[in-house]
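S.K.: Got a structure for you, questions after.
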Amino acid sequence: MSVLDAGAALPRRRPDILPALTPLAVALVAAPFIGSPSTFVTLTAAGLAMGMMIFTMASGLTLVFGMMDVLNFGHGAFIALGAYAATLVLLPLASWSSADSLPLNLAAFVLAVVVAALVCGVFGWVFERLIVKPVYGQHLKQILATIGGSIIAEQLLYAVFGPAQIPLNVPKTFEGSFVIGQAAIEKYRLVATCVGLLVFAAEMLILNRTRIGLLIRAGVENREMVEALGYRVDRLFVAVFMAGSALAGLGGAMMALYRGQVHATIGGEFLVLCFIVIIIGGLGSVGGSFVASILVALIANYAGFLVPKLALVSNILAMVAVLLWRPRGLYPVSGR
Amino acid sequence: MSAALTLQGVHTHIGRYHILQGVDLDAPAGVTTMLLGRNGAGKTTTLRTIMGLWRASKGRIALGATPLESMAASDVARLGVGYAPETMAVFSDLTVKENLVLGARARPLDDARLAWILGFFPALKKFWLTRAGALSGGQKQMLSIARAIVEPRELLLIDEPTKGLSPAIVGSLIACLNEIKATGVTILMVEQNFRVAREVGDEVRVMDNGRVVHRGRMAELAADSGLQNRLLGLSLDSHQ
C-alpha cells in the first residue's frame with residue numbers, strides 16, 4: 001500500500017526569536033542613557049501600556065490587510081467611533097464609575113469597552129458591504145473609497161458630538177498610581193497592558209486552535225486556495241472585517257480613557273501609527289504586530305524623554321531601520 | 001461511458017488575452033482523462049475555469065447535469081470537486097495536519113480514510129506537525145494531492161503533479177495515482193510527463209491554442225508516434 005516514501009529528514013527550523021527580542025534590546029540600550037532606574041521603569045511601563053493599546057488597534061488592521069488585501073484607511077474612523085461609544089456608555093454611568101466600589105467600577109469599564117467593540121463590529125459590517133466590497137482587488141480605489149468613508153465618518157462624529165473635546169474619566173479604582181520604590185506606575189496603564197495581553201492571547205488562541213483561525217491564517221497566505229477547498233471566503237472576509245473594526249473600537253475606547261478625553265481626530269492620529277506597526281511587524285502577522293507595537297511605543301517613550309525633538313520621527317526611523325534589516329517586516333507571513 | 005464533466009464551447013479571457021477559444025471537452029465518469037498539450041495551450045486555464053477560479057466568458061460547463069459556469073469556486077468544491085493546482089498551493093504557515101484538516105471541509109478528518117491516504121504518503125505522517133513550508137517539493141506535492149482526496153470526491157482536477165519531482169518519486173506517484181484511480185473517482189489531469197500520462201491515463205484530450213484538437217484513448221496515442229508528433233511535436237518514444 002505504501003508507495004511514496006520521500007520522507008527524508010527535514011532541516012531543523014530554528015525558532016526565530018531575534019525579532020521578539022528587539023523591544024528588550026531597545027530597553028537595554030536606552031537604560032544607561034536614562035540613568036534613573038525609577039524613570040526607566042515608569043517610561044517602560046508607560047511604553048508597554050501604550051504598545052498594548054496600539055496593538056489592539058493595529059491587530060485588526062493587519063488581519064484585514066493580510067486576509068483581504070484591503071488597504072483600509074477607514075480603520076481610524078472605527079478607533080474614533082469606539083472612543084465615542086465608550087463615552088456614551090460611561091457618561092450615564094458616571095455614578096458607577098465614580099463609586100467607591102470595585103464591582104461597579106469594573107462593570108462600567110467592561111460595559112464601555114464591550115459596547116465600543118460591538119458597535120464598531122456592526123458598523124464594520126455596514127462599512128464593508130457599502131464601501132469596501134465594491135472595490136475588492138482595486139488598491140487605488142480602496143484607498144480613495146476608504147479615505148472618503150473615514151472623512152464622512154469623522155464629519156458625522158463632529159455633527160453628532162460637536163467639535164469640542166469630551167472629558168472622560170477612568171473608573172475610580174483605576175485612578176492614581178502604584179509606587180514601587182521611587183517608580184510610579186499608573187494603575188490604568190496596568191489595566192491597559194492586561195487588556196492588550198488578553199486580546200493578544202485570545203487572538204493567538206483563535207488563530208491557532210480553532211478552525212476559523214486556521215481559515216484566516218490560510219486565507220492570509222492563499223485566499224484562492226481556501227475558496228477552492230469549498231469555503232465561502234466572502235463570508236470569512238465580512239467576519240474578519242467586523243472583528244478588525246471591533247478591535248479598533250476596543251483600542252479606541254481604551255486610548256480615550258487613557259487620554260481622559262475624546263475627540264473625532266483620535267482616529268486619524270493613530271491610523272498612521274497602526275500602519276507603521278503592521279509594516280514593521282510583517283503584513284498580516286498578528287505576532288509581528290504585537291512585537292512591533294511594543295517596539296514602537298518603547299522607542300517613542302525613550303526618545304521623547306532623551307531627545308524630545310526626535311520623538312516625532314522616531315517611529316519612522318524605527319520602521320526604516322527594521323525594513324533595512326528585514327525588508328518584509330519582523331515576522332513576515334508566507335506567500336505575502 | 002457517461003460523461004461526468006462536460007465543457008461546450010468554453011471561452012476564457014484573462015485581462016485582454018483570449019486564452020480558451022471554444023473548448024469542447026468531456027471527462028468520462030470513473031476514468032482518468034489526461035489533458036495534454038504544449039506550453040501555453042490552455043490546459044491550466046481549463047482546470048481553473050472548471051474550478052471557478054477564472055470565469056468562463058462564454059460556453060457551458062456541467063458536472064453531471066449541474067451547470068458550473070456561473071458558480072464560485074467554493075460552490076464548485078462543495079459539489080465534490082477536488083483540486084490540486086500546479087503550484088501545489090499548500091499553506092506554508094500551517095502544519096501538514098492543519099492543511100489536511102482544512103481539506104476536510106464537510107466533516108472531521110475520517111480516521112480510516114486518513115490512514116488510507118497516509119499509507120500512500122508516509123512522509124506526511126512523519127512530518128504531521130511540521131510546517132508545510134518546510135517540506136521538500138515532492139512532499140508538498142504529496143500534501144497537495146492528499147488534501148484534494150482527504151474527503152471522497154466526485155471529480156479530481158490535478159495539474160501537473162510530477163512537475164519538478166525526481167524520477168524516483170515520479171515512479172511512486174504513478175503507483176499512488178493508480179490506487180486513487182482504482183477507487184472509481186473521475187480524474188481530469190494535466191501532465192507534461194508522457195510516461196505518467198501513459199501509465200495513469202485511460203482517455204486523452206489534447207489541447208492547442210485554447211481548443212481541444214484531439215480526443216481518444218490514451219493507449220492509442222501512446223502507440224502512435226506519428227500522431228504524437230503531429231499533436232504534440234514530439235514522440236513518446238523519446239521520453240521513456
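Identifiers in the C-alpha cells: chain A, B, ... in order shown; residue index from 1 per chain; ligand index from 1 in order shown.
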Do you have, as a tab-separated table, the list of residues of chain B lying at most 6 Å from chain A, each with its nearest atom pair and that distance in Å to one decimal, counting only C-alpha atoms and ordered by chain then number?
M.R.:
```
residue	atom	partner	partner_atom	distance
B:Ala73	CA	A:Ala228	CA	5.2
B:Ser74	CA	A:Gly230	CA	3.8
B:Ala77	CA	A:Gly230	CA	4.7
B:Arg78	CA	A:Gly230	CA	5.3
B:Phe91	CA	A:Ala218	CA	5.8
B:Gly119	CA	A:Ser2	CA	4.8
B:Phe120	CA	A:Ser2	CA	4.7
B:Phe121	CA	A:Leu4	CA	5.1
B:Pro122	CA	A:Asp5	CA	5.6
B:Ala123	CA	A:Gly7	CA	4.2
B:Ser172	CA	A:Leu4	CA	5.2
```
S.K.: Neighbours of Ala62 of chain B within 9 Å (only C-alpha atoms; same-chain residues fewer than 2 positions away dropped), as number ranges by chain?
M.R.: B: 4-8, 50, 60, 64-69
S.K.: Would you list the contacts of segment 12-28 of chain B as a PyMOL selection string, taking every protein, DNA or RNA residue within 8 Å and counting only C-alpha atoms, but skipping same-chain residues closer than 5 positions in sequence?
M.R.: chain B and resi 1-7+33+42+45-46+49+54-59+186-188+205+209-212
S.K.: Write out as a list in words which residues come within 10 Å of Leu24 of chain A when counting only C-alpha atoms, dropping same-chain ones fewer than 4 positions away.
M.R.: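 Counting only the stated atoms, we get Pro19, Ala20, Leu28, Val29, Ala30, Ile294, Leu295 and Leu298 of chain A.
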S.K.: Write out as a PDB file with C-alpha atoms, in the first residue's frame which residues come within 10 Å of Ile152 of chain A when counting only C-alpha atoms, dropping same-chain ones fewer than 5 positions away.
M.R.:
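File selection-v4.pdb, as written:
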```pdb
ATOM      1  CA  GLY A  74     -11.124  53.956   7.240  1.00  0.00           C
ATOM      2  CA  ALA A  77     -12.901  56.008  11.921  1.00  0.00           C
ATOM      3  CA  THR A 146     -11.870  54.169   2.491  1.00  0.00           C
ATOM      4  CA  ILE A 147     -10.341  57.631   2.931  1.00  0.00           C
ATOM      5  CA  LEU A 157     -18.947  62.390  14.566  1.00  0.00           C
ATOM      6  CA  TYR A 158     -18.420  66.180  14.560  1.00  0.00           C
TER       7      TYR A 158
END
```
